[in-house]
Amino acid sequence: MWLGLALSIGVASVPASATTLCTVVADAADGKVLLEQGDCRTRVTPASTFKIPLSVMGFDSGVVQDAHTPVYTFKQGDPDWGGEAWKQPTDPTRWLKYSVVWYSQRVMHQLGAARVTDYASRFGFGNADVSGDPGRDNGLDRSWIMSSLKVSPVEQIAFLRHLVNHDLPVTPTAIDKTMQIVEATPAPDGWTAHGKTGAAFPRNPDGSFNEARGYGWYVGWIEKAGRKLVFARLDQDDQKQASTPGVRARDSFIGGWPALATSLKL
């Protein structure tokens with residue numbers, strides 16, 4: 001894990017209805033932290049950013065074969081809060097693009113808790129705890145969604161650096177195939193961001209979800225002319241929003257990238 005002092009660098013702010021908890025950026029090649037701003041060391045739910053390490057696990061184990069295999073179909077009782085996009089036949093590329101929770105559940109059940117825990121531990125992905133909610137035996141269905149699995153932003157970029165440098169303890173093919181399906185988004189000034197959003201709501205004392213305080217993640221790597229940087233952005237809403245916190249975190253990070261890149265002298 002890398003050390004770095006928070007820098008007083010002006011970055012684009014998120015909308016007034018959300019607060020940026022952390023922005024961390026590091027050079028993928030040498031691990032130098034270019035920016036660590038905010039609380040980047042407290043672990044929270046990874047939400048759907050867990051799909052990146054889970055993809056690596058799937059490809060390495062053979063549970064997932066390539067960008068379009070296997071295809072799973074929606075079944076009655078599967079999570080459907082993602083709307084119509086979640087009710088379509090889904091392959092690994094659609095899985096990450098539309099962040100389909102039930103596809104993650106299919107992969108988790110085929111891997112099993114012991115293998116997922118072993119992979120996550122070897123990846124250094126947070127606390128590697130996929131036990132789920134206490135007493136509910138639901139770890140394979142929701143441990144990464146406001147439950148037992150927790151990761152900090154600096155742990156996210158440590159994992160991502162191992163990914164882009166091809167030095168995770170898995171087959172090179174598993175890394176290549178994972179990087180292929182992580183969505184690429186054009187960023188200003190010739191950069192391209194490859195990343196995954198994530199969103200989840202903390203629990204109220206009665207176990208319900210606090211939809212006014214949603215976490216929004218955007219993690220991945222951004223590259224230009226052969227240079228790669230790994231990054232993690234974590235926001236938290238101050239009030240209930242119509243749009244998902246993860247998408248807003250992504251848009252805020254990419255929209256603010258020119259000012260951030262200039263401040264970092266990139």
# chains A, B, ... in the order shown; residues from 1 in each chain; ligands from 1

$ select_by_dssp --residues "segment 23-173 of chain A" --states "helix (DSSP H, G or I)" --output "JSON, numbers by chain"
{"A": [47, 48, 49, 50, 51, 52, 53, 54, 55, 56, 57, 58, 59, 60, 61, 83, 84, 85, 86, 87, 92, 93, 94, 95, 96, 97, 98, 101, 102, 103, 104, 105, 106, 107, 108, 109, 110, 111, 113, 114, 115, 116, 117, 118, 119, 120, 121, 122, 123, 139, 140, 141, 142, 153, 154, 155, 156, 157, 158, 159, 160, 161, 162, 163, 164, 172, 173]}

$ residues_around --residues "segment 133-140 of chain A" --least-positions-apart "5" --cutoff "7 Å" --atoms "only C-alpha atoms" --output "PyMOL selection string"
chain A and resi 105+108-109+113+147-148

$ closest_residue --among "A:Asp66, A:Arg233, A:Ser243, A:Ala259" --to "Glu36 of chain A" --atoms "only C-alpha atoms"
A:Arg233

$ residues_around --residues "segment 214-222 of chain A" --least-positions-apart "3" --cutoff "7 Å" --atoms "only C-alpha atoms" --output "MDAnalysis selection string"
chainID A and resid 49 160 191:202 211 228:237 245:246 249:250

$ write_last_selection --atoms "N, CA and C atoms" --output "compact mmCIF listing (two decimals), in the first residue's frame"
# COMPACT_ATOMS: atom_id res chain seq x y z
N THR A 49 -18.15 -1.93 -7.87
CA THR A 49 -16.74 -1.96 -8.27
C THR A 49 -16.15 -3.35 -8.05
N LEU A 160 -5.90 -2.26 -8.51
CA LEU A 160 -5.93 -1.86 -9.92
C LEU A 160 -4.52 -1.75 -10.50
N TRP A 191 -7.35 11.78 -23.18
CA TRP A 191 -7.28 10.69 -22.22
C TRP A 191 -8.45 9.73 -22.44
N THR A 192 -8.27 8.49 -22.01
CA THR A 192 -9.35 7.51 -22.00
C THR A 192 -9.42 6.88 -20.62
N ALA A 193 -10.61 6.93 -20.01
CA ALA A 193 -10.81 6.34 -18.69
C ALA A 193 -11.43 4.96 -18.85
N HIS A 194 -10.87 3.99 -18.16
CA HIS A 194 -11.41 2.63 -18.12
C HIS A 194 -11.84 2.41 -16.68
N GLY A 195 -13.13 2.24 -16.44
CA GLY A 195 -13.52 2.17 -15.05
C GLY A 195 -14.87 1.54 -14.80
N LYS A 196 -15.15 1.39 -13.51
CA LYS A 196 -16.41 0.79 -13.06
C LYS A 196 -17.02 1.68 -11.99
N THR A 197 -18.29 1.93 -12.17
CA THR A 197 -19.05 2.66 -11.15
C THR A 197 -19.55 1.68 -10.08
N GLY A 198 -19.99 2.25 -8.98
CA GLY A 198 -20.59 1.45 -7.92
C GLY A 198 -21.47 2.34 -7.07
N ALA A 199 -22.59 1.82 -6.61
CA ALA A 199 -23.50 2.59 -5.77
C ALA A 199 -24.16 1.68 -4.75
N ALA A 200 -24.31 2.19 -3.54
CA ALA A 200 -24.98 1.44 -2.48
C ALA A 200 -25.42 2.41 -1.40
N PHE A 201 -26.43 2.00 -0.64
CA PHE A 201 -26.99 2.86 0.40
C PHE A 201 -26.70 2.28 1.78
N PRO A 202 -26.23 3.11 2.71
CA PRO A 202 -25.99 2.62 4.08
C PRO A 202 -27.31 2.24 4.75
N GLU A 211 -31.63 6.08 1.62
CA GLU A 211 -31.45 6.48 0.23
C GLU A 211 -30.98 7.91 0.07
N LYS A 228 -0.26 5.28 -17.92
CA LYS A 228 -1.44 4.84 -17.19
C LYS A 228 -1.40 5.32 -15.74
N LEU A 229 -2.53 5.83 -15.30
CA LEU A 229 -2.71 6.20 -13.90
C LEU A 229 -3.89 5.41 -13.36
N VAL A 230 -3.80 4.99 -12.12
CA VAL A 230 -4.94 4.32 -11.48
C VAL A 230 -5.60 5.33 -10.55
N PHE A 231 -6.93 5.19 -10.39
CA PHE A 231 -7.65 6.20 -9.62
C PHE A 231 -8.83 5.57 -8.89
N ALA A 232 -9.27 6.27 -7.86
CA ALA A 232 -10.52 5.93 -7.18
C ALA A 232 -11.17 7.23 -6.71
N ARG A 233 -12.44 7.36 -7.00
CA ARG A 233 -13.25 8.48 -6.52
C ARG A 233 -14.39 7.89 -5.70
N LEU A 234 -14.60 8.45 -4.50
CA LEU A 234 -15.70 8.01 -3.65
C LEU A 234 -16.47 9.23 -3.17
N ASP A 235 -17.75 9.27 -3.51
CA ASP A 235 -18.65 10.34 -3.08
C ASP A 235 -19.72 9.77 -2.15
N GLN A 236 -20.37 10.66 -1.42
CA GLN A 236 -21.53 10.27 -0.64
C GLN A 236 -22.58 11.36 -0.73
N ASP A 237 -23.80 10.96 -1.04
CA ASP A 237 -24.90 11.91 -1.19
C ASP A 237 -25.26 12.57 0.13
N PRO A 245 -25.68 7.29 -7.62
CA PRO A 245 -24.47 7.96 -7.15
C PRO A 245 -23.21 7.58 -7.92
N GLY A 246 -23.13 6.34 -8.38
CA GLY A 246 -21.94 5.90 -9.10
C GLY A 246 -21.77 6.62 -10.43
N ALA A 249 -20.62 10.07 -9.73
CA ALA A 249 -19.20 10.09 -9.37
C ALA A 249 -18.32 9.99 -10.61
N ARG A 250 -18.70 9.12 -11.53
CA ARG A 250 -17.96 8.99 -12.80
C ARG A 250 -17.96 10.29 -13.58

$ closest_residue --among "A:Thr171, A:Ser252, A:Ser48, A:Asn127" --to "Asp60 of chain A" --atoms "only C-alpha atoms"
A:Thr171

$ select_by_dssp --residues "segment 6-196 of chain A" --states "strand (DSSP E)" --output "ChimeraX atom specification"
/A:18-27,33-38,184-186,192-196

$ closest_residue --among "A:Gln156, A:Ala29, A:Arg43, A:Thr244" --to "Gly82 of chain A" --atoms "only C-alpha atoms"
A:Thr244

$ residues_around --residues "Val64 of chain A" --least-positions-apart "3" --cutoff "12 Å" --atoms "only C-alpha atoms" --output "VMD selection string"
chain A and resid 54 to 61 67 to 72 91 to 93 95 103 to 104 106 to 108 110 to 111 173 to 174 177 to 178 181

$ closest_residue --among "A:Met146, A:Ala158, A:Trp81, A:Thr73" --to "Arg203 of chain A" --atoms "only C-alpha atoms"
A:Met146

$ residues_around --residues "Lys75 of chain A" --least-positions-apart "3" --cutoff "10 Å" --atoms "only C-alpha atoms" --output "PDB file with C-alpha atoms, in the first residue's frame"
ATOM      1  CA  TYR A  72     -27.266 -15.996 -18.609  1.00  0.00           C
ATOM      2  CA  ASP A  78     -33.564 -12.031  -9.659  1.00  0.00           C
ATOM      3  CA  PRO A  79     -32.733  -8.438  -8.644  1.00  0.00           C
ATOM      4  CA  ASP A  80     -34.511  -6.179 -11.126  1.00  0.00           C
ATOM      5  CA  LYS A  87     -33.963  -8.315 -17.809  1.00  0.00           C
ATOM      6  CA  TRP A 102     -27.829 -11.156 -10.703  1.00  0.00           C
TER       7      TRP A 102
END

$ atom_distance --atom1 "atom CA of Gln239 of chain A" --atom2 "atom CA of Ser99 of chain A"
23.1 Å

$ closest_residue --among "A:Thr262, A:Ser152, A:Thr20, A:Gln180" --to "Thr42 of chain A" --atoms "only C-alpha atoms"
A:Ser152
